[in-house]
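Pasted below: query24.cif, mmCIF, C-alpha atoms and all ligand atoms.
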```
data_upload
#
loop_
_atom_site.label_atom_id
_atom_site.label_comp_id
_atom_site.auth_asym_id
_atom_site.auth_seq_id
_atom_site.Cartn_x
_atom_site.Cartn_y
_atom_site.Cartn_z
CA MET A 1 -4.90 147.33 127.00
CA ARG A 2 -5.66 151.00 126.37
CA GLU A 3 -3.03 153.02 124.59
CA ILE A 4 -1.88 155.98 126.65
CA LYS A 5 -0.14 158.96 125.08
CA ALA A 6 -0.60 161.84 127.48
CA PHE A 7 -1.06 162.66 131.14
CA ILE A 8 -2.96 165.71 132.32
CA LEU A 9 -2.19 166.68 135.89
CA ASP A 10 -4.28 168.78 138.17
CA LEU A 11 -2.00 171.22 139.99
CA ASP A 12 -3.37 172.10 143.43
CA GLY A 13 -3.16 169.01 145.63
CA VAL A 14 -1.44 166.82 143.02
CA VAL A 15 1.86 168.53 142.20
CA THR A 16 2.08 170.86 145.19
CA ASP A 17 0.18 171.46 148.40
CA THR A 18 -1.53 174.69 147.38
CA ALA A 19 -4.88 173.08 148.29
CA GLU A 20 -3.96 173.90 151.91
CA TYR A 21 -3.25 177.55 151.01
CA HIS A 22 -6.61 177.83 149.24
CA PHE A 23 -8.28 176.56 152.42
CA ARG A 24 -6.45 179.02 154.67
CA ALA A 25 -7.23 181.98 152.41
CA TRP A 26 -10.94 181.07 152.25
CA LYS A 27 -10.95 180.54 156.01
CA GLN A 28 -9.58 184.03 156.58
CA LEU A 29 -12.26 185.52 154.36
CA ALA A 30 -15.00 183.46 156.00
CA ASP A 31 -13.89 184.58 159.48
CA GLU A 32 -13.95 188.21 158.38
CA GLU A 33 -17.45 187.75 156.97
CA ARG A 34 -18.53 185.81 160.07
CA VAL A 35 -19.48 182.76 158.04
CA THR A 36 -18.84 179.31 159.51
CA PHE A 37 -16.23 177.50 157.43
CA THR A 38 -14.40 174.33 158.43
CA ARG A 39 -12.10 171.83 156.73
CA GLU A 40 -15.18 169.71 156.20
CA HIS A 41 -16.91 172.54 154.35
CA ASN A 42 -13.72 173.01 152.35
CA GLU A 43 -14.09 169.57 150.78
CA ALA A 44 -16.81 170.93 148.50
CA LEU A 45 -14.45 173.66 147.23
CA ARG A 46 -11.69 171.40 145.95
CA GLY A 47 -11.12 171.85 142.24
CA VAL A 48 -13.96 174.34 142.01
CA SER A 49 -13.53 177.80 140.43
CA ARG A 50 -12.97 180.89 142.57
CA ARG A 51 -16.47 182.26 142.06
CA LYS A 52 -18.21 178.95 142.60
CA SER A 53 -16.12 178.41 145.73
CA LEU A 54 -17.33 181.71 147.16
CA GLU A 55 -20.94 180.84 146.30
CA ILE A 56 -20.61 177.53 148.16
CA LEU A 57 -18.87 179.20 151.10
CA LEU A 58 -21.55 181.88 151.49
CA GLY A 59 -24.50 179.55 150.92
CA ASP A 60 -27.75 181.34 151.75
CA HIS A 61 -25.81 184.37 153.03
CA ILE A 62 -25.03 185.26 149.43
CA SER A 63 -28.28 187.23 149.13
CA ARG A 64 -26.82 189.76 151.62
CA TYR A 65 -24.17 190.82 149.10
CA THR A 66 -24.15 192.91 145.95
CA GLU A 67 -22.26 191.82 142.83
CA GLU A 68 -19.61 194.40 143.61
CA GLN A 69 -19.12 192.95 147.10
CA ILE A 70 -18.89 189.44 145.67
CA LEU A 71 -16.14 190.55 143.29
CA GLU A 72 -14.35 192.32 146.14
CA MET A 73 -14.44 189.15 148.27
CA MET A 74 -13.06 187.05 145.41
CA GLU A 75 -10.21 189.52 145.05
CA ARG A 76 -9.61 189.65 148.81
CA LYS A 77 -9.37 185.87 149.04
CA ASN A 78 -7.02 185.81 146.07
CA ASN A 79 -4.79 188.44 147.69
CA TYR A 80 -4.52 186.27 150.82
CA TYR A 81 -3.77 183.27 148.62
CA LYS A 82 -1.08 185.13 146.70
CA ILE A 83 0.75 185.91 149.95
CA TYR A 84 1.04 182.15 150.52
CA LEU A 85 2.23 181.66 146.94
CA GLU A 86 5.19 183.94 147.61
CA THR A 87 6.49 181.34 150.06
CA ILE A 88 6.59 178.54 147.45
CA THR A 89 10.05 177.41 146.41
CA LYS A 90 11.53 174.72 144.15
CA ASP A 91 11.42 172.37 147.13
CA ASP A 92 7.67 172.54 147.53
CA PHE A 93 6.61 169.53 145.51
CA LEU A 94 4.27 167.07 147.13
CA PRO A 95 6.09 163.80 147.92
CA GLY A 96 6.45 161.78 144.72
CA ALA A 97 5.47 164.61 142.37
CA LYS A 98 8.94 165.22 140.93
CA GLU A 99 9.46 161.50 140.43
CA LEU A 100 6.06 161.26 138.75
CA LEU A 101 6.93 164.02 136.27
CA ALA A 102 10.28 162.41 135.47
CA GLY A 103 8.69 158.97 135.12
CA LEU A 104 6.12 160.24 132.65
CA LYS A 105 8.72 161.91 130.45
CA GLU A 106 10.87 158.75 130.59
CA ARG A 107 7.92 156.82 129.20
CA GLY A 108 7.60 159.27 126.33
CA MET A 109 4.37 160.80 127.55
CA LYS A 110 3.12 164.24 126.67
CA VAL A 111 2.47 165.96 129.99
CA ALA A 112 0.01 168.80 130.53
CA ILE A 113 -1.47 170.74 133.42
CA GLY A 114 -5.25 170.98 133.71
CA SER A 115 -6.11 173.32 136.57
CA ALA A 116 -9.03 175.60 137.38
CA SER A 117 -6.63 178.10 138.91
CA LYS A 118 -5.84 181.49 137.42
CA ASN A 119 -2.65 181.35 139.48
CA THR A 120 -1.39 178.24 137.66
CA ARG A 121 1.48 179.93 135.84
CA THR A 122 2.63 181.73 138.99
CA VAL A 123 2.73 178.45 140.93
CA LEU A 124 4.55 176.60 138.13
CA THR A 125 7.07 179.44 137.86
CA ARG A 126 7.75 179.38 141.60
CA LEU A 127 8.25 175.60 141.42
CA GLY A 128 10.62 176.12 138.46
CA ILE A 129 8.66 173.87 136.10
CA LEU A 130 6.77 176.29 133.84
CA ASP A 131 8.73 175.06 130.81
CA PHE A 132 8.45 171.38 131.70
CA PHE A 133 4.92 170.97 130.38
CA ASP A 134 3.87 170.32 126.80
CA GLY A 135 0.60 172.14 127.41
CA ILE A 136 -1.06 174.24 130.09
CA SER A 137 -4.80 174.60 130.55
CA ASP A 138 -5.82 176.87 133.42
CA GLY A 139 -8.54 179.13 134.78
CA TYR A 140 -8.09 181.48 131.84
CA THR A 141 -8.40 178.96 129.02
CA VAL A 142 -11.98 177.79 129.40
CA SER A 143 -15.09 179.32 130.91
CA ARG A 144 -16.86 176.19 132.14
CA ALA A 145 -15.13 174.95 135.30
CA LYS A 146 -14.83 171.35 136.53
CA PRO A 147 -16.90 169.13 136.70
CA ALA A 148 -17.28 170.19 133.06
CA PRO A 149 -14.54 168.39 131.11
CA ASP A 150 -13.47 171.53 129.22
CA VAL A 151 -10.22 172.25 131.08
CA PHE A 152 -8.96 168.71 130.32
CA VAL A 153 -10.29 168.66 126.75
CA TYR A 154 -8.38 171.89 126.14
CA ALA A 155 -5.23 170.35 127.68
CA ALA A 156 -5.56 167.27 125.43
CA GLY A 157 -5.84 169.56 122.42
CA ALA A 158 -2.82 171.56 123.59
CA VAL A 159 -0.65 168.43 123.46
CA GLY A 160 -2.33 167.12 120.30
CA VAL A 161 -3.64 163.87 121.82
CA PRO A 162 -7.25 162.65 121.49
CA THR A 163 -8.96 162.53 124.89
CA GLU A 164 -9.36 158.73 124.79
CA TYR A 165 -5.56 158.38 125.03
CA CYS A 166 -5.28 160.73 128.01
CA VAL A 167 -4.96 159.97 131.70
CA VAL A 168 -6.00 162.62 134.23
CA ILE A 169 -4.60 162.77 137.77
CA GLU A 170 -6.87 164.55 140.24
CA ASP A 171 -7.39 165.04 143.97
CA ALA A 172 -10.89 166.52 143.65
CA LYS A 173 -14.26 164.91 143.12
CA SER A 174 -15.19 167.56 140.55
CA GLY A 175 -11.95 166.84 138.68
CA VAL A 176 -12.52 163.09 138.55
CA GLN A 177 -16.02 163.77 137.26
CA ALA A 178 -14.59 166.10 134.60
CA ALA A 179 -12.13 163.43 133.43
CA LEU A 180 -14.81 160.74 133.24
CA THR A 181 -17.20 163.00 131.35
CA GLY A 182 -14.38 163.78 128.93
CA GLY A 183 -13.86 160.07 128.24
CA MET A 184 -10.39 159.98 129.82
CA VAL A 185 -8.81 157.58 132.27
CA ALA A 186 -9.26 159.05 135.75
CA VAL A 187 -6.69 158.57 138.50
CA GLY A 188 -7.82 159.83 141.89
CA ILE A 189 -5.35 160.54 144.67
CA ALA A 190 -7.49 161.03 147.74
CA PRO A 191 -9.80 159.01 150.02
CA LYS A 192 -12.42 156.80 148.41
CA GLU A 193 -15.25 159.06 149.59
CA ARG A 194 -13.79 161.83 147.43
CA VAL A 195 -12.42 160.12 144.32
CA GLY A 196 -13.97 156.66 144.49
CA ALA A 197 -15.43 157.06 140.99
CA ALA A 198 -11.96 157.13 139.38
CA HIS A 199 -10.60 154.17 137.38
CA PHE A 200 -7.57 154.07 139.69
CA ARG A 201 -7.29 155.40 143.21
CA TYR A 202 -4.23 155.97 145.37
CA ASP A 203 -3.84 157.71 148.70
CA SER A 204 -1.35 160.29 147.45
CA THR A 205 0.85 161.32 144.54
CA ALA A 206 3.68 159.25 146.02
CA ASP A 207 1.53 156.12 145.85
CA ILE A 208 0.72 156.33 142.14
CA ASP A 209 1.73 153.07 140.44
CA LEU A 210 2.45 153.90 136.79
CA ASP A 211 3.10 150.24 135.96
CA GLU A 212 -0.41 149.39 137.09
CA ILE A 213 -1.94 152.18 135.01
CA PHE A 214 0.05 151.30 131.89
CA SER A 215 -0.63 147.59 132.12
CA SER A 216 -4.39 147.87 132.52
C1 LIG B 301 -8.36 174.84 141.80
C2 LIG B 301 -8.39 174.66 143.30
O1 LIG B 301 -7.21 174.24 141.30
O2 LIG B 301 -8.35 176.21 141.45
C3 LIG B 301 -9.57 175.44 143.89
O3 LIG B 301 -8.52 173.30 143.60
C4 LIG B 301 -9.50 176.89 143.44
O4 LIG B 301 -9.53 175.34 145.28
C5 LIG B 301 -9.47 176.96 141.91
O5 LIG B 301 -10.63 177.61 143.92
C6 LIG B 301 -9.38 178.39 141.39
O6 LIG B 301 -8.14 178.92 141.77
P1 LIG B 301 -7.75 180.45 141.66
O7 LIG B 301 -6.25 180.44 141.94
O8 LIG B 301 -8.03 180.88 140.25
O9 LIG B 301 -8.53 181.20 142.66
MG MG B 302 -6.71 169.79 143.01
#
```

Step by step, read the file and then write its structure as structure tokens.
Ligand code: BG6
Ligand code: MG
Amino acid sequence: MREIKAFILDLDGVVTDTAEYHFRAWKQLADEERVTFTREHNEALRGVSRRKSLEILLGDHISRYTEEQILEMMERKNNYYKIYLETITKDDFLPGAKELLAGLKERGMKVAIGSASKNTRTVLTRLGILDFFDGISDGYTVSRAKPAPDVFVYAAGAVGVPTEYCVVIEDAKSGVQAALTGGMVAVGIAPKERVGAAHFRYDSTADIDLDEIFSS
């Protein structure tokens, strides 16, 4: 049985449904730029940094744009996203997320956030849980984005727990890859096609079985 001392949670798509807002904001930008972008295309953007997301979205079209235009598009998308963030309230947890947080604290776990988003603190503040976490690792703390393990390694350091004792909860393929590369236990909450590489997989946050994870 592996000793577990800390949980590192991805934010978008694990704690709250901001993954949907990211999609809508990218979709608006793509429509304006007359680039085809569907929910299927969006799969490749999950967990990925803002810049990398834009690169994937534009594909070959990227050569049409100058660096200045690329930066402007990143900002435009973020402005659309921030409008959605203003609608978030303390009720906007994904089903099971509040119970998960409480359950982890009850078990004496250190709990950290490991998110690629530069809006992490805004989202946590709107949810009313900024102070809940023992550590926060976000889009400002490391330069290499997922699937590099850096954002989770930083989170482990922030709570003072070696990575081998950490469990990561993720809804993105890139995030599961980051956790595995970092030598952590990976819990995927998404379809098998997306997070099948994880040690544990559940359909959603509400389905996470902590007893199963702790007894393995
Ligand atoms: C991740 C999301 O958490 O953060 C991605 O899954 C997003 O979709 C990335 O692109 C960066 O977020 P932000 O808020 O810094 O643009
Ligand atoms: Mg996510």

Q. Between CA of Glu75 (chain A) and CA of Ser53 (chain A), what is the spacing in Å?
A. 12.6 Å

Give me the chain A side of the contact with ligand MG 302 (chain B), cut-off 7 Å, one line per residue showing its nearest atom pair and distance in Å at one decimal, counting all atoms listed in the file, sorted by chain and residue number, as JSON lines.
```
{"residue": "A:Asp10", "atom": "CA", "partner": "B:MG302", "partner_atom": "MG", "distance": 5.5}
{"residue": "A:Leu11", "atom": "CA", "partner": "B:MG302", "partner_atom": "MG", "distance": 5.8}
{"residue": "A:Asp12", "atom": "CA", "partner": "B:MG302", "partner_atom": "MG", "distance": 4.1}
{"residue": "A:Gly13", "atom": "CA", "partner": "B:MG302", "partner_atom": "MG", "distance": 4.5}
{"residue": "A:Val14", "atom": "CA", "partner": "B:MG302", "partner_atom": "MG", "distance": 6.0}
{"residue": "A:Ala19", "atom": "CA", "partner": "B:MG302", "partner_atom": "MG", "distance": 6.5}
{"residue": "A:Arg46", "atom": "CA", "partner": "B:MG302", "partner_atom": "MG", "distance": 6.0}
{"residue": "A:Gly47", "atom": "CA", "partner": "B:MG302", "partner_atom": "MG", "distance": 4.9}
{"residue": "A:Glu170", "atom": "CA", "partner": "B:MG302", "partner_atom": "MG", "distance": 5.9}
{"residue": "A:Asp171", "atom": "CA", "partner": "B:MG302", "partner_atom": "MG", "distance": 4.9}
{"residue": "A:Ala172", "atom": "CA", "partner": "B:MG302", "partner_atom": "MG", "distance": 5.3}
```

Q: Enumerate as a ChimeraX atom specification the residues within 9 Å of ligand LIG 301 (chain B), counting only C-alpha atoms and all ligand atoms.
A: /A:10-13,18-23,42,45-54,74-75,77-78,81-82,114-120,138-140,145,171-172,175

Q: Find the distance between CA of Val35 (chain A) and CA of Glu67 (chain A) and write it in Å to one decimal.
A: 17.9 Å

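The two atoms in question, CA of Gly188 (chain A) and CA of Phe132 (chain A), are spaced 22.4 Å apart.
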
Q: Excluding region 150-159 of chain A and residues on its chain fewer than 4 positions from it, collect all residues at most 6 Å away from it, counting only C-alpha atoms, and give them as a PyMOL selection string.
A: chain A and resi 114+134-135+137+163

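Comparing the minimum interatomic distances between Phe200 (chain A) and each of A:Ala178, A:Ala44, A:Ile169, A:Ile8, counting all atoms listed in the file, we find that A:Ile169 sits nearest.
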
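Contact shell of Leu94 (chain A) at 9 Å (all atoms listed in the file; same-chain neighbours under 6 positions omitted): Gly13, Val14, Val15, Thr16, Asp17, Ser204, Thr205 and Ala206 of chain A.
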
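Distances to Ile213 (chain A) were evaluated for A:Arg144, A:Arg76, A:His199, A:Lys105 using all atoms listed in the file, and the minimum falls at A:His199.
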
Q.
Env of Phe7 (chain A): 7 Å cut, atoms = only C-alpha atoms, seq-sep filter 2 positions within chain, self excluded. Answer as a PyMOL selection string.
A. chain A and resi 9+109-112+166-168

Q | Neighbour list for Tyr165 (chain A) as a VMD selection string, cut-off 10 Å, only C-alpha atoms, skip fewer than 4 positions in-chain | A | chain A and resid 2 to 7 156 161 183 to 185

Q: Quick one: residues within 9 Å of (5.4, 161.5, 139.1) (file frame), counting only C-alpha atoms, please, as an MDAnalysis selection string.
A: chainID A and resid 15 96:104 205:206 208 210

Could you give me the centre and size, in Å to one decimal, of an axis-aligned box around all listed atoms of region 9-25 of chain A with 5 Å added on every side, as AutoDock Vina command-line options?
```
--center_x -3.1 --center_y 174.3 --center_z 145.3 --size_x 20.4 --size_y 25.3 --size_z 28.8
```

Incomplete region 100-111 of chain A filled out to all heavy atoms as a PDB file, in the coordinates of the input:
```
ATOM      1  N   LEU A 100       7.157 161.532 139.683  1.00  0.00           N
ATOM      2  CA  LEU A 100       6.060 161.260 138.750  1.00  0.00           C
ATOM      3  C   LEU A 100       6.325 161.975 137.413  1.00  0.00           C
ATOM      4  O   LEU A 100       6.225 161.369 136.347  1.00  0.00           O
ATOM      5  CB  LEU A 100       4.732 161.732 139.344  1.00  0.00           C
ATOM      6  CG  LEU A 100       3.530 161.685 138.408  1.00  0.00           C
ATOM      7  CD1 LEU A 100       3.141 160.239 138.080  1.00  0.00           C
ATOM      8  CD2 LEU A 100       2.326 162.411 139.034  1.00  0.00           C
ATOM      9  N   LEU A 101       6.676 163.245 137.490  1.00  0.00           N
ATOM     10  CA  LEU A 101       6.930 164.020 136.270  1.00  0.00           C
ATOM     11  C   LEU A 101       8.066 163.379 135.469  1.00  0.00           C
ATOM     12  O   LEU A 101       7.958 163.206 134.246  1.00  0.00           O
ATOM     13  CB  LEU A 101       7.278 165.474 136.624  1.00  0.00           C
ATOM     14  CG  LEU A 101       6.156 166.299 137.268  1.00  0.00           C
ATOM     15  CD1 LEU A 101       6.655 167.691 137.632  1.00  0.00           C
ATOM     16  CD2 LEU A 101       4.953 166.405 136.341  1.00  0.00           C
ATOM     17  N   ALA A 102       9.139 163.016 136.159  1.00  0.00           N
ATOM     18  CA  ALA A 102      10.280 162.410 135.470  1.00  0.00           C
ATOM     19  C   ALA A 102       9.880 161.070 134.852  1.00  0.00           C
ATOM     20  O   ALA A 102      10.236 160.772 133.702  1.00  0.00           O
ATOM     21  CB  ALA A 102      11.432 162.218 136.459  1.00  0.00           C
ATOM     22  N   GLY A 103       9.118 160.286 135.598  1.00  0.00           N
ATOM     23  CA  GLY A 103       8.690 158.970 135.120  1.00  0.00           C
ATOM     24  C   GLY A 103       7.831 159.061 133.869  1.00  0.00           C
ATOM     25  O   GLY A 103       7.938 158.229 132.960  1.00  0.00           O
ATOM     26  N   LEU A 104       6.999 160.078 133.809  1.00  0.00           N
ATOM     27  CA  LEU A 104       6.120 160.240 132.650  1.00  0.00           C
ATOM     28  C   LEU A 104       6.919 160.614 131.413  1.00  0.00           C
ATOM     29  O   LEU A 104       6.679 160.097 130.312  1.00  0.00           O
ATOM     30  CB  LEU A 104       5.047 161.294 132.943  1.00  0.00           C
ATOM     31  CG  LEU A 104       4.034 160.893 134.021  1.00  0.00           C
ATOM     32  CD1 LEU A 104       3.093 162.044 134.332  1.00  0.00           C
ATOM     33  CD2 LEU A 104       3.247 159.665 133.576  1.00  0.00           C
ATOM     34  N   LYS A 105       7.883 161.507 131.590  1.00  0.00           N
ATOM     35  CA  LYS A 105       8.720 161.910 130.450  1.00  0.00           C
ATOM     36  C   LYS A 105       9.572 160.718 129.974  1.00  0.00           C
ATOM     37  O   LYS A 105       9.741 160.496 128.780  1.00  0.00           O
ATOM     38  CB  LYS A 105       9.598 163.101 130.822  1.00  0.00           C
ATOM     39  CG  LYS A 105       8.872 164.453 130.722  1.00  0.00           C
ATOM     40  CD  LYS A 105       8.709 164.908 129.266  1.00  0.00           C
ATOM     41  CE  LYS A 105       7.751 166.069 129.082  1.00  0.00           C
ATOM     42  NZ  LYS A 105       8.309 167.377 129.363  1.00  0.00           N
ATOM     43  N   GLU A 106      10.072 159.936 130.929  1.00  0.00           N
ATOM     44  CA  GLU A 106      10.870 158.750 130.590  1.00  0.00           C
ATOM     45  C   GLU A 106      10.081 157.779 129.725  1.00  0.00           C
ATOM     46  O   GLU A 106      10.623 157.101 128.864  1.00  0.00           O
ATOM     47  CB  GLU A 106      11.275 158.003 131.865  1.00  0.00           C
ATOM     48  CG  GLU A 106      12.632 158.380 132.409  1.00  0.00           C
ATOM     49  CD  GLU A 106      12.811 157.850 133.826  1.00  0.00           C
ATOM     50  OE1 GLU A 106      12.283 156.768 134.131  1.00  0.00           O
ATOM     51  OE2 GLU A 106      13.454 158.565 134.632  1.00  0.00           O
ATOM     52  N   ARG A 107       8.790 157.723 129.965  1.00  0.00           N
ATOM     53  CA  ARG A 107       7.920 156.820 129.200  1.00  0.00           C
ATOM     54  C   ARG A 107       7.438 157.460 127.909  1.00  0.00           C
ATOM     55  O   ARG A 107       6.556 156.931 127.232  1.00  0.00           O
ATOM     56  CB  ARG A 107       6.727 156.386 130.039  1.00  0.00           C
ATOM     57  CG  ARG A 107       7.111 155.429 131.160  1.00  0.00           C
ATOM     58  CD  ARG A 107       5.925 155.228 132.081  1.00  0.00           C
ATOM     59  NE  ARG A 107       6.302 154.554 133.308  1.00  0.00           N
ATOM     60  CZ  ARG A 107       6.027 153.274 133.578  1.00  0.00           C
ATOM     61  NH1 ARG A 107       5.395 152.543 132.706  1.00  0.00           N
ATOM     62  NH2 ARG A 107       6.394 152.749 134.722  1.00  0.00           N
ATOM     63  N   GLY A 108       7.943 158.627 127.597  1.00  0.00           N
ATOM     64  CA  GLY A 108       7.600 159.270 126.330  1.00  0.00           C
ATOM     65  C   GLY A 108       6.232 159.917 126.299  1.00  0.00           C
ATOM     66  O   GLY A 108       5.669 160.167 125.226  1.00  0.00           O
ATOM     67  N   MET A 109       5.699 160.186 127.480  1.00  0.00           N
ATOM     68  CA  MET A 109       4.370 160.800 127.550  1.00  0.00           C
ATOM     69  C   MET A 109       4.408 162.296 127.275  1.00  0.00           C
ATOM     70  O   MET A 109       5.357 162.972 127.641  1.00  0.00           O
ATOM     71  CB  MET A 109       3.773 160.600 128.954  1.00  0.00           C
ATOM     72  CG  MET A 109       3.428 159.188 129.322  1.00  0.00           C
ATOM     73  SD  MET A 109       2.071 158.560 128.332  1.00  0.00           S
ATOM     74  CE  MET A 109       2.950 157.420 127.287  1.00  0.00           C
ATOM     75  N   LYS A 110       3.347 162.798 126.663  1.00  0.00           N
ATOM     76  CA  LYS A 110       3.120 164.240 126.670  1.00  0.00           C
ATOM     77  C   LYS A 110       2.560 164.528 128.062  1.00  0.00           C
ATOM     78  O   LYS A 110       1.754 163.744 128.588  1.00  0.00           O
ATOM     79  CB  LYS A 110       2.073 164.633 125.627  1.00  0.00           C
ATOM     80  CG  LYS A 110       2.539 164.407 124.204  1.00  0.00           C
ATOM     81  CD  LYS A 110       3.398 165.561 123.757  1.00  0.00           C
ATOM     82  CE  LYS A 110       3.766 165.416 122.292  1.00  0.00           C
ATOM     83  NZ  LYS A 110       4.937 166.246 121.955  1.00  0.00           N
ATOM     84  N   VAL A 111       2.955 165.642 128.646  1.00  0.00           N
ATOM     85  CA  VAL A 111       2.470 165.960 129.990  1.00  0.00           C
ATOM     86  C   VAL A 111       1.902 167.380 129.998  1.00  0.00           C
ATOM     87  O   VAL A 111       2.573 168.324 129.562  1.00  0.00           O
ATOM     88  CB  VAL A 111       3.590 165.833 131.048  1.00  0.00           C
ATOM     89  CG1 VAL A 111       3.009 166.007 132.455  1.00  0.00           C
ATOM     90  CG2 VAL A 111       4.299 164.490 130.937  1.00  0.00           C
TER      91      VAL A 111
END
```
